[in-house]
Amino acid sequence: MLDKALTSIKLKLVFFPFLWSSLSTIFLYCVIRWILDIHLNIWPLKDTFWDGIIALILSSAIVFTYMRPKIKLLRFKLFEEKSSNVFYFIMILSLFPTIVTSQAYLSKVSHDTIEVSHVEEVRRYPKQTYFQITTFPVSKQEVKFSIDTRVPSKSKTILRVYLYIALPFLASENIWLGKRFSTDIDNNLSEQDQHQQINDFINSKIPEYINSDLSSIDYFEKLKNSDLQAGYLQAIKSTCQQVECEPLILVARAGTLSEAATEELIKAIRFLIIGMAICLAMILRAEVDKTFLKNMKKKSY
């Protein structure tokens with residue numbers, strides 16, 4: 001049975017500060033990114049930096065600076081002195097996905113879908129990202145591709161293979177339609193067997209994509225500076241050296257932009273609710289270090 005007085009202390013001194021600081025950080029980060037990256041485009045970092053690295057730094061900063069003295073108030077019998085480390089880990093894990101998905105939502109809700117007649121008109125809108133194009137014929141005979149392999153951090157026994165396929169749009173200069181495929185192969189295989197599986201993957205996916213129906217594309221996303229864009233640029237590297245204008249990579253999207261934005265918003269809210277619910281449950285189950293609480297009260301006077 002929960003002690004009402006101690007429960008009130010836990011909520012007031014730990015949970016509510018974490019909730020408010022999390023919401024404030026997400027809001028301020030969205031505002032700063034909208035100004036610097038989306039509106040002014042004066043700090044064009046890779047999306048992986050905006051969405052991943054900065055999100056992790058912010059999550060850690062909140063927990064290790066603002067929440068650290070408050071977390072020391074709580075104890076688990078099972079972990080004793082290491083209880084703080086458990087809370088650090090859970091709180092960062094609870095906040096990080098919400099910040100990441102909030103950035104995905106921001107990138108979609110901050111733009112409109114621009115309607116153009118031909119692909120080349122996309123260059124008239126350098127600050128825009130999403131386009132509906134009336135006619136977009138591509139040259140399926142001039143396919144370019146590149147391969148990227150990575151070992152996922154969770155399992156060193158898997159080799160993840162990414163295939164980047166790029167097709168040039170007709171009646172346009174250096175504008176490409178991109179499509180990425182991926183597969184996992186056994187990282188314990190011999191180098192020869194790995195190469196064979198990668199070649200089989202390439203030989204199956206390229207014809208599959210070339211022969212697919214491209215007329216059903218709802219809208220396109222123009223890729224910004226990101227690892228995804230880098231994969232396509234590697235594929236068309238030899239061709240781009242012969243052309244002066246900047247290469248543009250468009251990828252097909254299904255549905256509508258508003259539907260995609262709503263989906264990301266729902267994800268962010270879901271992550272926030274789940275993360276905060278987990279933190280709340282842990283905070284309520286933890287014991288209060290009464291000695292530390294007395295010290296906190298003395299410092300507040």
# chains A, B, ... in the order shown; residues from 1 in each chain; ligands from 1
call {"tool": "residues_around", "arguments": {"residues": "Asp112 in chain A", "least_positions_apart": "4", "cutoff": "12 Å", "atoms": "only C-alpha atoms", "output": "PyMOL selection string"}}
result
chain A and resi 107-108+125+127-132+219-221+256-258+261
call {"tool": "residues_around", "arguments": {"residues": "range 36-39 of chain A", "least_positions_apart": "3", "cutoff": "10 Å", "atoms": "only C-alpha atoms", "output": "list in words"}}
result
Val31, Ile32, Arg33, Ile42, Trp43, Pro44, Leu45, Asp47, Trp50, Leu106, Ser107, Ser110, His111, Lys127, Gln128 and Thr129 of chain A
call {"tool": "residues_around", "arguments": {"residues": "Ala171 in chain A", "least_positions_apart": "2", "cutoff": "8 Å", "atoms": "only C-alpha atoms", "output": "list in words"}}
result
Val119, Glu120, Phe169 and Glu173 of chain A
call {"tool": "select_by_dssp", "arguments": {"residues": "range 74-299 of chain A", "states": "strand (DSSP E)", "output": "PyMOL selection string"}}
result
chain A and resi 74-75+113-118+130-135+144-150+158-168+175-186+219-222+248-253+287-288
call {"tool": "closest_atom_pairs", "arguments": {"of": "range 62-171 of chain A", "to": "range 212-215 of chain A", "cutoff": "10 Å", "atoms": "only C-alpha atoms", "output": "CSV"}}
result
residue,atom,partner,partner_atom,distance
A:Thr135,CA,A:Ser215,CA,9.1
A:Phe136,CA,A:Ser215,CA,8.5
A:Pro137,CA,A:Ser215,CA,8.9
A:Val138,CA,A:Leu214,CA,9.1
call {"tool": "closest_residue", "arguments": {"among": "A:Ala61, A:Ser94, A:Ile206, A:Asn225", "to": "Asn41 in chain A", "atoms": "only C-alpha atoms"}}
result
A:Asn225
call {"tool": "residues_around", "arguments": {"residues": "range 264-266 of chain A", "least_positions_apart": "2", "cutoff": "8 Å", "atoms": "only C-alpha atoms", "output": "ChimeraX atom specification"}}
result
/A:101-102,104-105,260-262,268-270
call {"tool": "closest_residue", "arguments": {"among": "A:Ala235, A:Ile278, A:Leu13, A:Leu159", "to": "Pro69 in chain A", "atoms": "only C-alpha atoms"}}
result
A:Leu13
call {"tool": "atom_distance", "arguments": {"atom1": "CA of Leu250 in chain A", "atom2": "CA of Lys237 in chain A"}}
result
15.9 Å
call {"tool": "atom_distance", "arguments": {"atom1": "CA of Val161 in chain A", "atom2": "CA of Ile175 in chain A"}}
result
24.9 Å
call {"tool": "decode", "arguments": {"residues": "range 147-260 of chain A", "atoms": "C-alpha atoms", "output": "mmCIF file, in the first residue's frame"}}
result
data_model
loop_
_atom_site.group_PDB
_atom_site.id
_atom_site.type_symbol
_atom_site.label_atom_id
_atom_site.label_comp_id
_atom_site.auth_asym_id
_atom_site.auth_seq_id
_atom_site.Cartn_x
_atom_site.Cartn_y
_atom_site.Cartn_z
ATOM 1 C CA ILE A 147 26.049 -1.114 -51.970
ATOM 2 C CA ASP A 148 26.614 -0.331 -48.324
ATOM 3 C CA THR A 149 27.162 -2.966 -45.634
ATOM 4 C CA ARG A 150 26.914 -2.527 -41.864
ATOM 5 C CA VAL A 151 27.034 -4.740 -38.814
ATOM 6 C CA PRO A 152 24.100 -3.869 -36.504
ATOM 7 C CA SER A 153 25.217 -3.058 -32.973
ATOM 8 C CA LYS A 154 22.772 -5.557 -31.494
ATOM 9 C CA SER A 155 24.163 -8.590 -33.329
ATOM 10 C CA LYS A 156 27.615 -9.082 -34.803
ATOM 11 C CA THR A 157 26.452 -12.281 -36.485
ATOM 12 C CA ILE A 158 24.368 -10.308 -38.994
ATOM 13 C CA LEU A 159 25.653 -8.304 -41.945
ATOM 14 C CA ARG A 160 23.046 -5.803 -43.156
ATOM 15 C CA VAL A 161 23.261 -4.992 -46.843
ATOM 16 C CA TYR A 162 21.746 -1.808 -48.293
ATOM 17 C CA LEU A 163 21.182 -1.507 -52.051
ATOM 18 C CA TYR A 164 20.704 2.046 -53.356
ATOM 19 C CA ILE A 165 19.107 2.218 -56.812
ATOM 20 C CA ALA A 166 18.907 5.490 -58.749
ATOM 21 C CA LEU A 167 17.075 6.121 -62.018
ATOM 22 C CA PRO A 168 17.445 9.458 -63.881
ATOM 23 C CA PHE A 169 14.295 11.417 -64.669
ATOM 24 C CA LEU A 170 13.893 12.158 -68.370
ATOM 25 C CA ALA A 171 13.792 15.786 -69.566
ATOM 26 C CA SER A 172 15.674 16.863 -66.442
ATOM 27 C CA GLU A 173 19.284 17.461 -65.511
ATOM 28 C CA ASN A 174 20.806 15.488 -62.660
ATOM 29 C CA ILE A 175 17.512 14.688 -60.893
ATOM 30 C CA TRP A 176 17.129 11.067 -59.818
ATOM 31 C CA LEU A 177 14.481 8.732 -58.487
ATOM 32 C CA GLY A 178 15.863 6.714 -55.586
ATOM 33 C CA LYS A 179 14.854 3.442 -54.002
ATOM 34 C CA ARG A 180 16.621 1.562 -51.208
ATOM 35 C CA PHE A 181 16.393 -2.148 -50.472
ATOM 36 C CA SER A 182 17.961 -4.038 -47.592
ATOM 37 C CA THR A 183 18.602 -7.605 -46.539
ATOM 38 C CA ASP A 184 20.456 -9.457 -43.785
ATOM 39 C CA ILE A 185 23.026 -12.167 -44.417
ATOM 40 C CA ASP A 186 25.047 -14.359 -42.094
ATOM 41 C CA ASN A 187 28.205 -12.513 -41.073
ATOM 42 C CA ASN A 188 29.892 -15.832 -40.252
ATOM 43 C CA LEU A 189 29.881 -16.928 -43.886
ATOM 44 C CA SER A 190 33.077 -16.889 -45.869
ATOM 45 C CA GLU A 191 33.852 -13.737 -47.831
ATOM 46 C CA GLN A 192 33.163 -15.575 -51.080
ATOM 47 C CA ASP A 193 29.725 -16.744 -49.926
ATOM 48 C CA GLN A 194 28.864 -13.260 -48.698
ATOM 49 C CA HIS A 195 29.786 -11.765 -52.074
ATOM 50 C CA GLN A 196 27.652 -14.381 -53.791
ATOM 51 C CA GLN A 197 24.614 -13.599 -51.652
ATOM 52 C CA ILE A 198 25.097 -9.863 -52.186
ATOM 53 C CA ASN A 199 25.307 -10.362 -55.964
ATOM 54 C CA ASP A 200 22.158 -12.501 -55.902
ATOM 55 C CA PHE A 201 20.415 -9.757 -53.934
ATOM 56 C CA ILE A 202 21.478 -7.109 -56.471
ATOM 57 C CA ASN A 203 20.497 -9.239 -59.463
ATOM 58 C CA SER A 204 17.028 -9.870 -58.050
ATOM 59 C CA LYS A 205 16.125 -6.404 -56.737
ATOM 60 C CA ILE A 206 17.258 -4.239 -59.648
ATOM 61 C CA PRO A 207 15.063 -6.013 -62.270
ATOM 62 C CA GLU A 208 12.220 -6.144 -59.727
ATOM 63 C CA TYR A 209 12.329 -2.387 -59.258
ATOM 64 C CA ILE A 210 12.839 -1.558 -62.915
ATOM 65 C CA ASN A 211 9.805 -3.653 -63.877
ATOM 66 C CA SER A 212 7.606 -2.247 -61.091
ATOM 67 C CA ASP A 213 4.768 0.210 -61.744
ATOM 68 C CA LEU A 214 6.034 3.696 -60.902
ATOM 69 C CA SER A 215 2.859 5.508 -61.967
ATOM 70 C CA SER A 216 1.153 4.926 -58.610
ATOM 71 C CA ILE A 217 3.485 7.250 -56.669
ATOM 72 C CA ASP A 218 1.452 9.750 -54.620
ATOM 73 C CA TYR A 219 4.178 12.308 -53.914
ATOM 74 C CA PHE A 220 7.954 12.686 -53.696
ATOM 75 C CA GLU A 221 10.348 13.665 -50.940
ATOM 76 C CA LYS A 222 13.486 15.576 -51.914
ATOM 77 C CA LEU A 223 16.270 14.225 -49.729
ATOM 78 C CA LYS A 224 18.309 16.608 -47.596
ATOM 79 C CA ASN A 225 21.764 16.063 -46.156
ATOM 80 C CA SER A 226 21.557 12.564 -44.660
ATOM 81 C CA ASP A 227 23.112 9.093 -44.748
ATOM 82 C CA LEU A 228 20.275 8.051 -47.061
ATOM 83 C CA GLN A 229 21.134 10.796 -49.533
ATOM 84 C CA ALA A 230 24.831 9.867 -49.307
ATOM 85 C CA GLY A 231 24.031 6.315 -50.423
ATOM 86 C CA TYR A 232 22.348 7.555 -53.601
ATOM 87 C CA LEU A 233 25.058 10.133 -54.296
ATOM 88 C CA GLN A 234 27.607 7.327 -54.163
ATOM 89 C CA ALA A 235 25.565 5.440 -56.766
ATOM 90 C CA ILE A 236 25.492 8.365 -59.214
ATOM 91 C CA LYS A 237 28.962 9.672 -58.376
ATOM 92 C CA SER A 238 30.499 9.001 -61.803
ATOM 93 C CA THR A 239 27.568 10.626 -63.614
ATOM 94 C CA CYS A 240 27.507 13.726 -61.373
ATOM 95 C CA GLN A 241 31.125 14.506 -62.217
ATOM 96 C CA GLN A 242 30.009 15.248 -65.796
ATOM 97 C CA VAL A 243 27.197 17.644 -64.788
ATOM 98 C CA GLU A 244 27.553 21.109 -63.272
ATOM 99 C CA CYS A 245 24.184 21.430 -61.482
ATOM 100 C CA GLU A 246 23.629 19.958 -58.036
ATOM 101 C CA PRO A 247 22.201 16.408 -57.979
ATOM 102 C CA LEU A 248 18.722 16.051 -56.508
ATOM 103 C CA ILE A 249 17.406 12.759 -55.156
ATOM 104 C CA LEU A 250 13.635 12.208 -55.015
ATOM 105 C CA VAL A 251 12.131 9.197 -53.263
ATOM 106 C CA ALA A 252 8.574 7.984 -53.708
ATOM 107 C CA ARG A 253 6.043 8.297 -50.903
ATOM 108 C CA ALA A 254 2.567 6.777 -50.564
ATOM 109 C CA GLY A 255 -0.543 8.400 -49.097
ATOM 110 C CA THR A 256 -0.501 12.092 -48.200
ATOM 111 C CA LEU A 257 1.928 14.295 -46.290
ATOM 112 C CA SER A 258 -0.703 15.115 -43.661
ATOM 113 C CA GLU A 259 -1.273 11.403 -43.046
ATOM 114 C CA ALA A 260 2.476 10.867 -42.639
#
